[in-house]
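Structure file protein07.cif (mmCIF, C-alpha atoms) follows.
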data_structure
loop_
_atom_site.label_atom_id
_atom_site.label_comp_id
_atom_site.auth_asym_id
_atom_site.auth_seq_id
_atom_site.Cartn_x
_atom_site.Cartn_y
_atom_site.Cartn_z
CA MET A 1 -48.66 60.64 -28.88
CA GLU A 2 -49.64 57.49 -26.97
CA ARG A 3 -52.41 57.91 -24.43
CA ASN A 4 -50.29 56.80 -21.46
CA ILE A 5 -47.39 59.16 -22.18
CA LEU A 6 -47.51 62.39 -20.19
CA THR A 7 -46.10 65.70 -21.29
CA TRP A 8 -43.29 67.11 -19.20
CA ASP A 9 -45.74 69.62 -17.75
CA GLU A 10 -48.18 66.86 -16.73
CA ALA A 11 -45.37 64.74 -15.30
CA ILE A 12 -44.05 67.64 -13.22
CA ASN A 13 -47.51 68.65 -12.00
CA GLU A 14 -48.35 65.06 -11.00
CA TYR A 15 -45.15 64.82 -8.98
CA LEU A 16 -45.74 68.18 -7.31
CA LEU A 17 -49.27 67.12 -6.37
CA TYR A 18 -47.79 64.01 -4.78
CA MET A 19 -45.23 66.09 -2.86
CA GLN A 20 -47.92 68.52 -1.74
CA GLY A 21 -49.80 65.55 -0.30
CA ASN A 22 -46.64 64.76 1.66
CA GLY A 23 -46.82 68.17 3.34
CA ARG A 24 -44.44 70.27 1.25
CA LYS A 25 -45.00 74.05 1.45
CA LEU A 26 -46.09 76.08 -1.60
CA SER A 27 -42.80 77.99 -1.59
CA THR A 28 -40.94 74.66 -1.74
CA MET A 29 -43.21 73.48 -4.55
CA ARG A 30 -42.44 76.57 -6.62
CA ARG A 31 -38.73 75.93 -6.20
CA TYR A 32 -39.18 72.27 -7.19
CA ARG A 33 -41.10 73.29 -10.29
CA TYR A 34 -38.41 75.74 -11.38
CA ASP A 35 -35.70 73.08 -10.97
CA LEU A 36 -37.66 70.50 -12.98
CA VAL A 37 -38.61 72.93 -15.74
CA GLN A 38 -34.91 73.76 -16.19
CA LEU A 39 -34.17 70.03 -16.47
CA ALA A 40 -36.90 69.57 -19.09
CA ILE A 41 -35.63 72.47 -21.19
CA TRP A 42 -32.07 71.08 -21.08
CA ILE A 43 -33.11 67.48 -21.86
CA GLU A 44 -35.33 68.48 -24.79
CA ASN A 45 -33.10 71.39 -25.87
CA SER A 46 -36.26 73.44 -26.36
CA GLU A 47 -38.02 76.33 -24.64
CA ASP A 48 -41.26 74.49 -25.47
CA ALA A 49 -40.12 71.43 -23.50
CA LEU A 50 -43.12 71.35 -21.16
CA ASN A 51 -45.45 70.53 -24.06
CA LEU A 52 -43.28 67.68 -25.30
CA PRO A 53 -43.74 64.00 -24.29
CA PHE A 54 -42.00 62.80 -21.15
CA TYR A 55 -40.74 59.41 -22.35
CA ARG A 56 -39.03 58.38 -19.08
CA ASP A 57 -35.87 57.38 -20.96
CA ILE A 58 -33.42 59.63 -19.13
CA THR A 59 -30.08 57.93 -18.53
CA THR A 60 -27.51 58.20 -15.75
CA GLU A 61 -25.12 59.73 -18.29
CA GLN A 62 -27.62 62.50 -19.10
CA PHE A 63 -28.18 63.11 -15.41
CA ASN A 64 -24.44 63.42 -14.75
CA ASP A 65 -24.02 65.76 -17.73
CA TYR A 66 -26.81 67.96 -16.40
CA CYS A 67 -25.12 68.03 -12.97
CA LYS A 68 -22.04 69.53 -14.61
CA VAL A 69 -24.12 72.13 -16.44
CA ALA A 70 -26.28 72.99 -13.41
CA LYS A 71 -23.18 73.51 -11.31
CA HIS A 72 -22.35 76.63 -13.31
CA MET A 73 -25.90 77.94 -13.68
CA GLN A 74 -26.46 81.08 -11.56
CA SER A 75 -23.28 80.32 -9.60
CA ARG A 76 -24.96 77.67 -7.45
CA SER A 77 -23.33 76.59 -4.21
CA ALA A 78 -22.51 72.94 -3.46
CA ALA A 79 -25.48 72.73 -1.05
CA SER A 80 -27.85 74.22 -3.64
CA LEU A 81 -26.63 71.81 -6.31
CA LYS A 82 -27.07 68.84 -3.97
CA ARG A 83 -30.66 69.94 -3.27
CA ILE A 84 -31.46 70.25 -6.98
CA MET A 85 -30.01 66.84 -7.75
CA SER A 86 -32.10 65.36 -4.93
CA VAL A 87 -35.26 66.94 -6.37
CA ILE A 88 -34.50 65.49 -9.81
CA ILE A 89 -33.70 62.01 -8.47
CA ASN A 90 -36.94 61.97 -6.44
CA PHE A 91 -38.93 63.17 -9.46
CA LEU A 92 -37.47 60.41 -11.62
CA ASP A 93 -37.99 57.83 -8.84
CA TYR A 94 -41.65 58.82 -8.67
CA HIS A 95 -42.00 58.16 -12.39
CA SER A 96 -40.13 54.82 -12.09
CA VAL A 97 -36.99 56.12 -13.79
CA PHE A 98 -34.41 54.65 -11.40
CA LEU A 99 -30.91 55.77 -12.26
CA ASP A 100 -27.94 53.56 -11.46
CA SER A 101 -24.80 54.79 -9.71
CA VAL A 102 -26.13 58.13 -8.47
CA ASP A 103 -25.40 59.55 -5.05
CA ARG A 104 -28.27 58.66 -2.72
CA GLY A 105 -26.33 59.00 0.51
CA ARG A 106 -25.75 55.90 2.62
CA GLU A 107 -27.76 53.07 1.12
CA ILE A 108 -27.47 49.45 2.21
CA LEU A 109 -28.14 47.19 -0.76
CA LEU A 110 -30.41 44.17 -0.42
CA THR A 111 -29.39 40.54 -0.84
CA LEU A 112 -31.38 37.31 -1.29
CA ASP A 113 -31.39 36.78 2.49
CA ASN A 114 -33.52 39.92 2.83
CA PHE A 115 -36.41 38.21 1.03
CA ALA A 116 -38.62 35.32 2.12
CA PRO A 117 -38.19 32.32 -0.27
CA ASP A 118 -41.08 30.25 -1.66
CA ASN A 119 -40.26 27.00 0.13
CA GLU A 120 -40.20 28.59 3.58
CA ILE A 121 -43.40 30.59 2.99
CA GLU A 122 -45.18 27.44 1.81
CA LYS A 123 -43.91 25.42 4.78
CA LEU A 124 -44.96 28.09 7.26
CA LEU A 125 -48.51 28.38 5.86
CA ARG A 126 -48.87 24.60 5.71
CA THR A 127 -47.71 24.16 9.32
CA MET A 128 -49.90 26.96 10.66
CA ASN A 129 -52.96 25.39 9.02
CA ASN A 130 -52.87 22.14 11.02
CA PHE A 131 -52.46 20.76 14.54
CA GLU A 132 -49.73 18.22 13.76
CA GLY A 133 -47.21 17.67 16.53
CA LEU A 134 -49.18 19.64 19.12
CA THR A 135 -50.26 18.34 22.52
CA ASN A 136 -53.93 18.26 23.52
CA TYR A 137 -53.27 21.22 25.81
CA GLN A 138 -51.73 23.25 22.97
CA ILE A 139 -54.61 22.37 20.65
CA SER A 140 -57.20 23.39 23.26
CA GLY A 141 -56.00 27.00 23.13
CA ARG A 142 -54.77 27.12 19.56
CA LYS A 143 -58.17 26.35 18.06
CA PHE A 144 -59.37 29.80 19.21
CA ILE A 145 -56.51 31.72 17.57
CA MET A 146 -55.61 29.53 14.61
CA ASN A 147 -57.57 31.72 12.19
CA ARG A 148 -56.23 34.89 13.80
CA ASN A 149 -52.58 33.85 13.59
CA LEU A 150 -52.95 32.61 10.02
CA PHE A 151 -54.68 35.85 9.01
CA LEU A 152 -51.93 37.95 10.63
CA VAL A 153 -49.21 36.12 8.71
CA ARG A 154 -51.14 36.14 5.42
CA LEU A 155 -51.55 39.91 5.72
CA MET A 156 -47.75 40.16 5.90
CA ILE A 157 -47.20 37.78 2.99
CA TYR A 158 -49.93 38.75 0.55
CA TYR A 159 -50.40 42.43 1.34
CA GLY A 160 -47.10 43.62 2.81
CA PHE A 161 -48.57 44.63 6.18
CA SER A 162 -46.11 45.82 8.79
CA ILE A 163 -46.53 45.04 12.48
CA HIS A 164 -47.53 48.70 12.92
CA ASP A 165 -50.36 48.17 10.43
CA LEU A 166 -51.56 45.10 12.30
CA THR A 167 -51.53 46.60 15.80
CA THR A 168 -53.28 49.83 14.78
CA LEU A 169 -56.11 48.18 12.82
CA THR A 170 -59.46 49.06 14.42
CA MET A 171 -63.05 48.16 13.67
CA GLN A 172 -63.44 51.51 11.92
CA ASP A 173 -60.79 50.36 9.42
CA ILE A 174 -62.73 47.27 8.32
CA ASN A 175 -65.51 46.88 5.78
CA PHE A 176 -66.78 43.32 6.13
CA GLY A 177 -69.26 43.69 3.27
CA GLN A 178 -66.65 44.73 0.74
CA GLY A 179 -63.86 42.66 2.28
CA THR A 180 -61.61 45.70 2.55
CA LEU A 181 -59.10 46.81 5.18
CA MET A 182 -58.11 50.45 5.56
CA PRO A 183 -54.95 50.57 7.69
CA ILE A 184 -53.40 53.87 8.67
CA SER A 185 -49.71 54.28 7.87
CA ALA A 186 -47.16 55.75 10.26
CA GLY A 187 -47.65 59.05 8.41
CA GLY A 188 -51.36 59.07 9.27
CA ILE A 189 -52.62 58.27 5.75
CA LYS A 190 -55.38 55.68 5.39
CA ARG A 191 -55.34 53.41 2.34
CA ALA A 192 -57.86 50.82 1.10
CA ILE A 193 -56.64 47.20 0.75
CA PRO A 194 -59.10 44.76 -0.90
CA LEU A 195 -58.78 41.17 0.33
CA ASN A 196 -58.99 38.04 -1.81
CA ASN A 197 -61.75 35.50 -1.16
CA THR A 198 -59.66 33.30 1.14
CA ASP A 199 -58.70 36.22 3.33
CA ARG A 200 -62.25 37.60 3.38
CA HIS A 201 -63.31 34.31 4.97
CA LEU A 202 -60.39 34.48 7.40
CA LEU A 203 -61.34 38.05 8.31
CA VAL A 204 -64.85 36.95 9.30
CA ALA A 205 -63.65 33.73 10.98
CA THR A 206 -61.11 35.65 13.08
CA TYR A 207 -63.84 38.01 14.21
CA LYS A 208 -66.37 35.28 15.02
CA ASP A 209 -63.78 33.25 16.97
CA ILE A 210 -63.97 35.94 19.66
CA PRO A 211 -66.90 35.43 22.09
CA GLU A 212 -69.60 38.11 21.82
CA SER A 213 -68.94 39.33 25.37
CA VAL A 214 -65.44 40.56 24.43
CA ARG A 215 -65.85 40.84 20.67
CA PRO A 216 -64.75 44.18 19.11
CA ARG A 217 -67.75 46.41 18.41
CA GLN A 218 -68.63 47.45 14.87
CA ASN A 219 -67.72 51.00 13.76
CA THR A 220 -65.70 51.78 16.89
CA ASN A 221 -62.05 52.27 17.77
CA ASP A 222 -61.96 48.80 19.29
CA PRO A 223 -58.86 46.90 18.07
CA PHE A 224 -59.59 44.14 15.58
CA PHE A 225 -56.81 41.83 16.79
CA VAL A 226 -57.37 40.92 20.44
CA THR A 227 -55.00 39.50 23.06
CA PHE A 228 -55.56 35.85 23.95
CA HIS A 229 -54.63 34.40 27.37
CA HIS A 230 -53.42 30.84 26.80
CA ALA A 231 -53.58 29.67 30.42
CA THR A 232 -57.30 30.41 30.67
CA SER A 233 -58.09 30.05 26.92
CA THR A 234 -59.89 33.40 26.90
CA PHE A 235 -59.68 36.65 24.99
CA GLN A 236 -58.88 39.57 27.24
CA TRP A 237 -60.73 42.78 28.09
CA ASP A 238 -59.00 46.07 28.92
CA TYR A 239 -60.95 47.71 31.76
CA SER A 240 -58.95 50.94 31.49
CA THR A 241 -60.34 51.55 27.98
CA GLU A 242 -63.53 49.50 28.33
CA SER A 243 -62.69 47.64 25.14
CA PRO A 244 -61.06 44.36 24.04
CA LYS A 245 -57.34 44.30 24.86
CA LYS A 246 -55.28 45.13 21.81
CA LEU A 247 -52.74 42.61 20.54
CA THR A 248 -49.36 44.30 21.00
CA LYS A 249 -46.35 44.44 18.70
CA ILE A 250 -44.37 42.26 21.12
CA ALA A 251 -47.18 39.69 21.20
CA ILE A 252 -47.26 39.52 17.39
CA GLN A 253 -43.48 39.14 17.23
CA ARG A 254 -43.57 36.34 19.80
CA MET A 255 -46.41 34.61 17.97
CA PHE A 256 -44.44 34.79 14.74
CA GLN A 257 -41.28 33.46 16.37
CA LYS A 258 -43.20 30.47 17.75
CA GLU A 259 -44.78 29.76 14.37
CA ILE A 260 -41.50 29.83 12.44
CA LYS A 261 -39.83 27.67 15.10
CA ARG A 262 -42.61 25.09 14.79
CA ALA A 263 -42.35 25.20 10.98
CA ASP A 264 -38.54 24.89 11.24
CA VAL A 265 -37.82 27.77 8.84
CA HIS A 266 -34.98 30.23 9.20
CA LEU A 267 -35.24 33.09 6.70
CA LEU A 268 -38.70 34.38 7.61
CA SER A 269 -39.47 37.52 9.58
CA PRO A 270 -42.05 40.31 9.24
CA THR A 271 -39.39 42.28 7.36
CA THR A 272 -38.43 39.56 4.86
CA LEU A 273 -42.12 38.90 4.16
CA ARG A 274 -42.78 42.60 3.53
CA ASN A 275 -39.68 42.79 1.34
CA ARG A 276 -40.90 39.80 -0.67
CA HIS A 277 -44.28 41.43 -1.20
CA ILE A 278 -42.60 44.59 -2.52
CA LEU A 279 -40.39 42.53 -4.84
CA ASP A 280 -43.34 40.57 -6.22
CA SER A 281 -45.34 43.76 -6.72
CA LEU A 282 -42.52 45.16 -8.85
CA ARG A 283 -42.34 41.86 -10.77
CA THR A 284 -46.00 42.27 -11.73
CA ASP A 285 -45.41 45.83 -12.99
CA VAL A 286 -46.95 47.68 -10.06
CA SER A 287 -45.31 51.13 -10.09
CA ALA A 288 -43.02 52.25 -7.29
CA ALA A 289 -45.37 55.16 -6.57
CA GLU A 290 -48.35 52.81 -6.19
CA ILE A 291 -46.41 50.45 -3.91
CA LYS A 292 -45.41 53.41 -1.78
CA VAL A 293 -49.07 54.37 -1.31
CA LEU A 294 -50.40 50.83 -0.79
CA LEU A 295 -47.81 50.01 1.85
CA GLY A 296 -47.91 53.39 3.56
CA MET A 297 -44.21 54.03 3.06
CA LYS A 298 -42.91 57.46 4.04
CA SER A 299 -40.99 58.14 0.84
CA ILE A 300 -40.60 56.69 -2.63
CA GLU A 301 -36.82 56.81 -2.27
CA ALA A 302 -37.07 53.65 -0.18
CA MET A 303 -38.07 51.76 -3.34
CA HIS A 304 -34.69 52.25 -5.01
CA ARG A 305 -33.01 49.37 -3.19
CA TYR A 306 -35.68 46.96 -4.45
CA ILE A 307 -35.30 48.17 -8.04
CA ILE A 308 -31.54 47.70 -7.88
CA PHE A 309 -31.93 44.19 -6.44
CA LEU A 310 -34.42 43.19 -9.12
CA ARG A 311 -32.12 44.46 -11.85
CA SER A 312 -28.97 42.93 -10.41
CA SER A 313 -29.39 39.27 -11.38
CA PRO A 314 -31.97 36.59 -12.27
CA LEU A 315 -33.90 35.24 -9.29
CA PRO A 316 -33.30 31.59 -8.27
CA LYS A 317 -35.97 28.89 -8.54
CA ASN A 318 -37.21 29.35 -4.97
CA PHE A 319 -38.42 32.82 -5.96
CA SER A 320 -40.52 31.68 -8.91
CA LYS A 321 -43.91 32.20 -7.26
CA ILE A 322 -45.65 35.56 -7.00
CA TRP A 323 -46.94 36.10 -3.45
CA ARG A 324 -49.54 38.82 -3.88
CA GLY A 325 -53.03 39.52 -2.57
CA ASN A 326 -54.89 38.26 -5.65
CA GLN A 327 -54.15 34.62 -4.75
#

Show how you would write the structure in this file as structure tokens.
Amino acid sequence: MERNILTWDEAINEYLLYMQGNGRKLSTMRRYRYDLVQLAIWIENSEDALNLPFYRDITTEQFNDYCKVAKHMQSRSAASLKRIMSVIINFLDYHSVFLDSVDRGREILLTLDNFAPDNEIEKLLRTMNNFEGLTNYQISGRKFIMNRNLFLVRLMIYYGFSIHDLTTLTMQDINFGQGTLMPISAGGIKRAIPLNNTDRHLLVATYKDIPESVRPRQNTNDPFFVTFHHATSTFQWDYSTESPKKLTKIAIQRMFQKEIKRADVHLLSPTTLRNRHILDSLRTDVSAAEIKVLLGMKSIEAMHRYIIFLRSSPLPKNFSKIWRGNQ
């Protein structure tokens, strides 16, 4: 057996460990295990199924056939059958076995307009990196936040950061020496994101652009991204918390809107940039489970729409580049 092929038992245990990390109770885990063991025995047609290789080649036809069989096992109710099918789908999703045409509830499929195209990303980055077309007054303030704004947008493009990730990033989440960010997802889980060389320099430059008097303090809960007051060309201090004033979600959204207007692009948003990062991660064979962890997503089921889109048709020329954090 090939080294990278798990047995059914290993595959089930790995999935259950993942679900336990998501807060599932032990009683729920036992029920999940029973459901998945029954699937393994039926697929392999063997009581020794757990010791056999899990090849991840299960088809939608096999899944539908098992649904018909499971319906009559132990006189299961419709609600019980729906729960079992959901467990199986999630287990297969975790192991990157995405079945087509199965009932996942209401699911809005993605289209090309949901993804940021190469030409607009390139134009935005190019525009943000210069002062062309700006007045002297605009330049006088922009020079203090040029690195910050560029770093914010590059984190969206190259690393799939959400606005939540950006606004909750504190000095405790940054390792300048290793060039690593450790944002906390909405679910409270911290993950380590290594930066490429360009973004390591931007990380330091963004920090040093803030005067020492209001600069976020090392190893504290001070926010890394600080509000800038354009009229006075100063970074702001929050006297209620005795710390630099955190850049808010609204402020980031407004900054982004101004940047895309200046670049004259129309398909870019924090969401389309994040979507593009997910798509490019899949194109470079990053597993759905790994993407879920790296981006702090709540569930792996959210990855299904991206898999379906990638399978649906060849990508056009303006999606030829891979926008990932190793650039």

**Asked** Which of these, A:Gly296, A:Pro53, A:Pro244, A:Pro270, has the shortest distance to Ile12 in chain A once you count all atoms listed in the file?
**Response** A:Pro53

**Request:** Check which residues satisfy the PyMOL selection byres ((chain A and resi 57) around 12) in the file shown, then give them as a VMD selection string.
**Result:** chain A and resid 5 43 to 44 53 to 56 58 to 63 92 95 to 99

**Request:** Name the residues captured by the PyMOL selection byres ((chain A and resi 165-172) around 10) when it is applied to the shown file; answer as a ChimeraX atom specification.
**Result:** /A:152-153,155-156,160-164,173-176,181-186,216-226,246-252,295-296

**Item:** Atom pair CA of Asp209 in chain A / CA of Phe144 in chain A: separation (Å)
**Value:**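 Interatomic distance here is 6.0 Å.
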
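Take the PyMOL selection byres ((chain A and resi 145-150) around 7) and apply it to this file: it picks Met128, Arg142, Lys143, Phe144, Phe151, Leu152, Val153, Arg154, Leu202, Ala205 and Thr206 of chain A.
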
**Request:** Counting all atoms listed in the file, select every polymer residue within 12 Å of (-39.8, 29.3, -7.5) as defined in the file's coordinates, and provide the selection as a list in words.
**Result:**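 Selection result: Ala116, Pro117, Asp118, Asn119, Glu120, Ile121, Glu122, Asp280, Pro314, Leu315, Pro316, Lys317, Asn318, Phe319, Ser320, Lys321, Ile322 and Trp323 of chain A.
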
**Asked** For Arg31 in chain A, which of A:Arg191, A:Arg274, A:His229, A:Arg83 is the closest residue, counting only C-alpha atoms?
**Response** A:Arg83

**Prompt:** What is the distance between CA of Phe228 in chain A and CA of Leu268 in chain A, in Å to one decimal?
**Reply:**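 Spanning CA of Phe228 in chain A to CA of Leu268 in chain A is a straight-line distance of 23.5 Å.
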
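Comparing the minimum interatomic distances between Met297 in chain A and each of A:Val214, A:Ile41, A:Cys67, A:Ile278, counting only C-alpha atoms, we find that A:Ile278 sits nearest.
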
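Residue nearest Gly141 in chain A within the list A:Ala231, A:Leu125, A:Val87, A:Val204: A:Ala231 [criterion: smallest interatomic distance, only C-alpha atoms].
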
**Item:** Pairwise distance for CA of Tyr137 in chain A and CA of Leu203 in chain A, rounded to one decimal in Å
**Value:** 25.6 Å

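Remark: for Arg283 in chain A, the closest of the candidate residues A:Tyr94, A:Tyr18, A:Tyr158, A:Tyr306 is A:Tyr306 (distances computed over all atoms listed in the file).
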
**Item:** Nearest candidate to Thr232 in chain A (options A:Ser140, A:Asn130, A:Lys292, A:Leu6; using all atoms listed in the file)
**Value:** A:Ser140

Since fewer atoms than expected are present, regenerate N, CA and C atoms for range 269-286 of chain A and write them as a PDB file, keeping the file's coordinate frame.
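After the write, rebuild37.pdb holds the following:
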ATOM      1  N   SER A 269     -39.220  36.523   8.545  1.00  0.00           N
ATOM      2  CA  SER A 269     -39.470  37.520   9.580  1.00  0.00           C
ATOM      3  C   SER A 269     -40.499  38.486   8.989  1.00  0.00           C
ATOM      4  N   PRO A 270     -41.137  39.314   9.814  1.00  0.00           N
ATOM      5  CA  PRO A 270     -42.050  40.310   9.240  1.00  0.00           C
ATOM      6  C   PRO A 270     -41.390  41.164   8.171  1.00  0.00           C
ATOM      7  N   THR A 271     -40.100  41.439   8.336  1.00  0.00           N
ATOM      8  CA  THR A 271     -39.390  42.280   7.360  1.00  0.00           C
ATOM      9  C   THR A 271     -39.145  41.541   6.050  1.00  0.00           C
ATOM     10  N   THR A 272     -38.695  40.281   6.114  1.00  0.00           N
ATOM     11  CA  THR A 272     -38.430  39.560   4.860  1.00  0.00           C
ATOM     12  C   THR A 272     -39.722  39.264   4.105  1.00  0.00           C
ATOM     13  N   LEU A 273     -40.832  39.106   4.824  1.00  0.00           N
ATOM     14  CA  LEU A 273     -42.120  38.900   4.160  1.00  0.00           C
ATOM     15  C   LEU A 273     -42.580  40.178   3.463  1.00  0.00           C
ATOM     16  N   ARG A 274     -42.419  41.305   4.123  1.00  0.00           N
ATOM     17  CA  ARG A 274     -42.780  42.600   3.530  1.00  0.00           C
ATOM     18  C   ARG A 274     -41.894  42.885   2.313  1.00  0.00           C
ATOM     19  N   ASN A 275     -40.602  42.601   2.464  1.00  0.00           N
ATOM     20  CA  ASN A 275     -39.680  42.790   1.340  1.00  0.00           C
ATOM     21  C   ASN A 275     -40.093  41.939   0.136  1.00  0.00           C
ATOM     22  N   ARG A 276     -40.499  40.690   0.422  1.00  0.00           N
ATOM     23  CA  ARG A 276     -40.900  39.800  -0.670  1.00  0.00           C
ATOM     24  C   ARG A 276     -42.149  40.332  -1.370  1.00  0.00           C
ATOM     25  N   HIS A 277     -43.070  40.866  -0.598  1.00  0.00           N
ATOM     26  CA  HIS A 277     -44.280  41.430  -1.200  1.00  0.00           C
ATOM     27  C   HIS A 277     -43.934  42.598  -2.123  1.00  0.00           C
ATOM     28  N   ILE A 278     -43.024  43.453  -1.687  1.00  0.00           N
ATOM     29  CA  ILE A 278     -42.600  44.590  -2.520  1.00  0.00           C
ATOM     30  C   ILE A 278     -41.949  44.086  -3.804  1.00  0.00           C
ATOM     31  N   LEU A 279     -41.069  43.092  -3.672  1.00  0.00           N
ATOM     32  CA  LEU A 279     -40.390  42.530  -4.840  1.00  0.00           C
ATOM     33  C   LEU A 279     -41.392  41.957  -5.830  1.00  0.00           C
ATOM     34  N   ASP A 280     -42.358  41.190  -5.326  1.00  0.00           N
ATOM     35  CA  ASP A 280     -43.340  40.570  -6.220  1.00  0.00           C
ATOM     36  C   ASP A 280     -44.269  41.599  -6.848  1.00  0.00           C
ATOM     37  N   SER A 281     -44.535  42.683  -6.142  1.00  0.00           N
ATOM     38  CA  SER A 281     -45.340  43.760  -6.720  1.00  0.00           C
ATOM     39  C   SER A 281     -44.605  44.383  -7.906  1.00  0.00           C
ATOM     40  N   LEU A 282     -43.316  44.618  -7.749  1.00  0.00           N
ATOM     41  CA  LEU A 282     -42.520  45.160  -8.850  1.00  0.00           C
ATOM     42  C   LEU A 282     -42.467  44.178 -10.027  1.00  0.00           C
ATOM     43  N   ARG A 283     -42.402  42.889  -9.714  1.00  0.00           N
ATOM     44  CA  ARG A 283     -42.340  41.860 -10.770  1.00  0.00           C
ATOM     45  C   ARG A 283     -43.626  41.796 -11.574  1.00  0.00           C
ATOM     46  N   THR A 284     -44.726  42.264 -11.010  1.00  0.00           N
ATOM     47  CA  THR A 284     -46.000  42.270 -11.730  1.00  0.00           C
ATOM     48  C   THR A 284     -46.344  43.666 -12.234  1.00  0.00           C
ATOM     49  N   ASP A 285     -45.292  44.499 -12.372  1.00  0.00           N
ATOM     50  CA  ASP A 285     -45.410  45.830 -12.990  1.00  0.00           C
ATOM     51  C   ASP A 285     -46.257  46.811 -12.210  1.00  0.00           C
ATOM     52  N   VAL A 286     -46.350  46.640 -10.884  1.00  0.00           N
ATOM     53  CA  VAL A 286     -46.950  47.680 -10.060  1.00  0.00           C
ATOM     54  C   VAL A 286     -45.896  48.781  -9.913  1.00  0.00           C
TER      55      VAL A 286
END
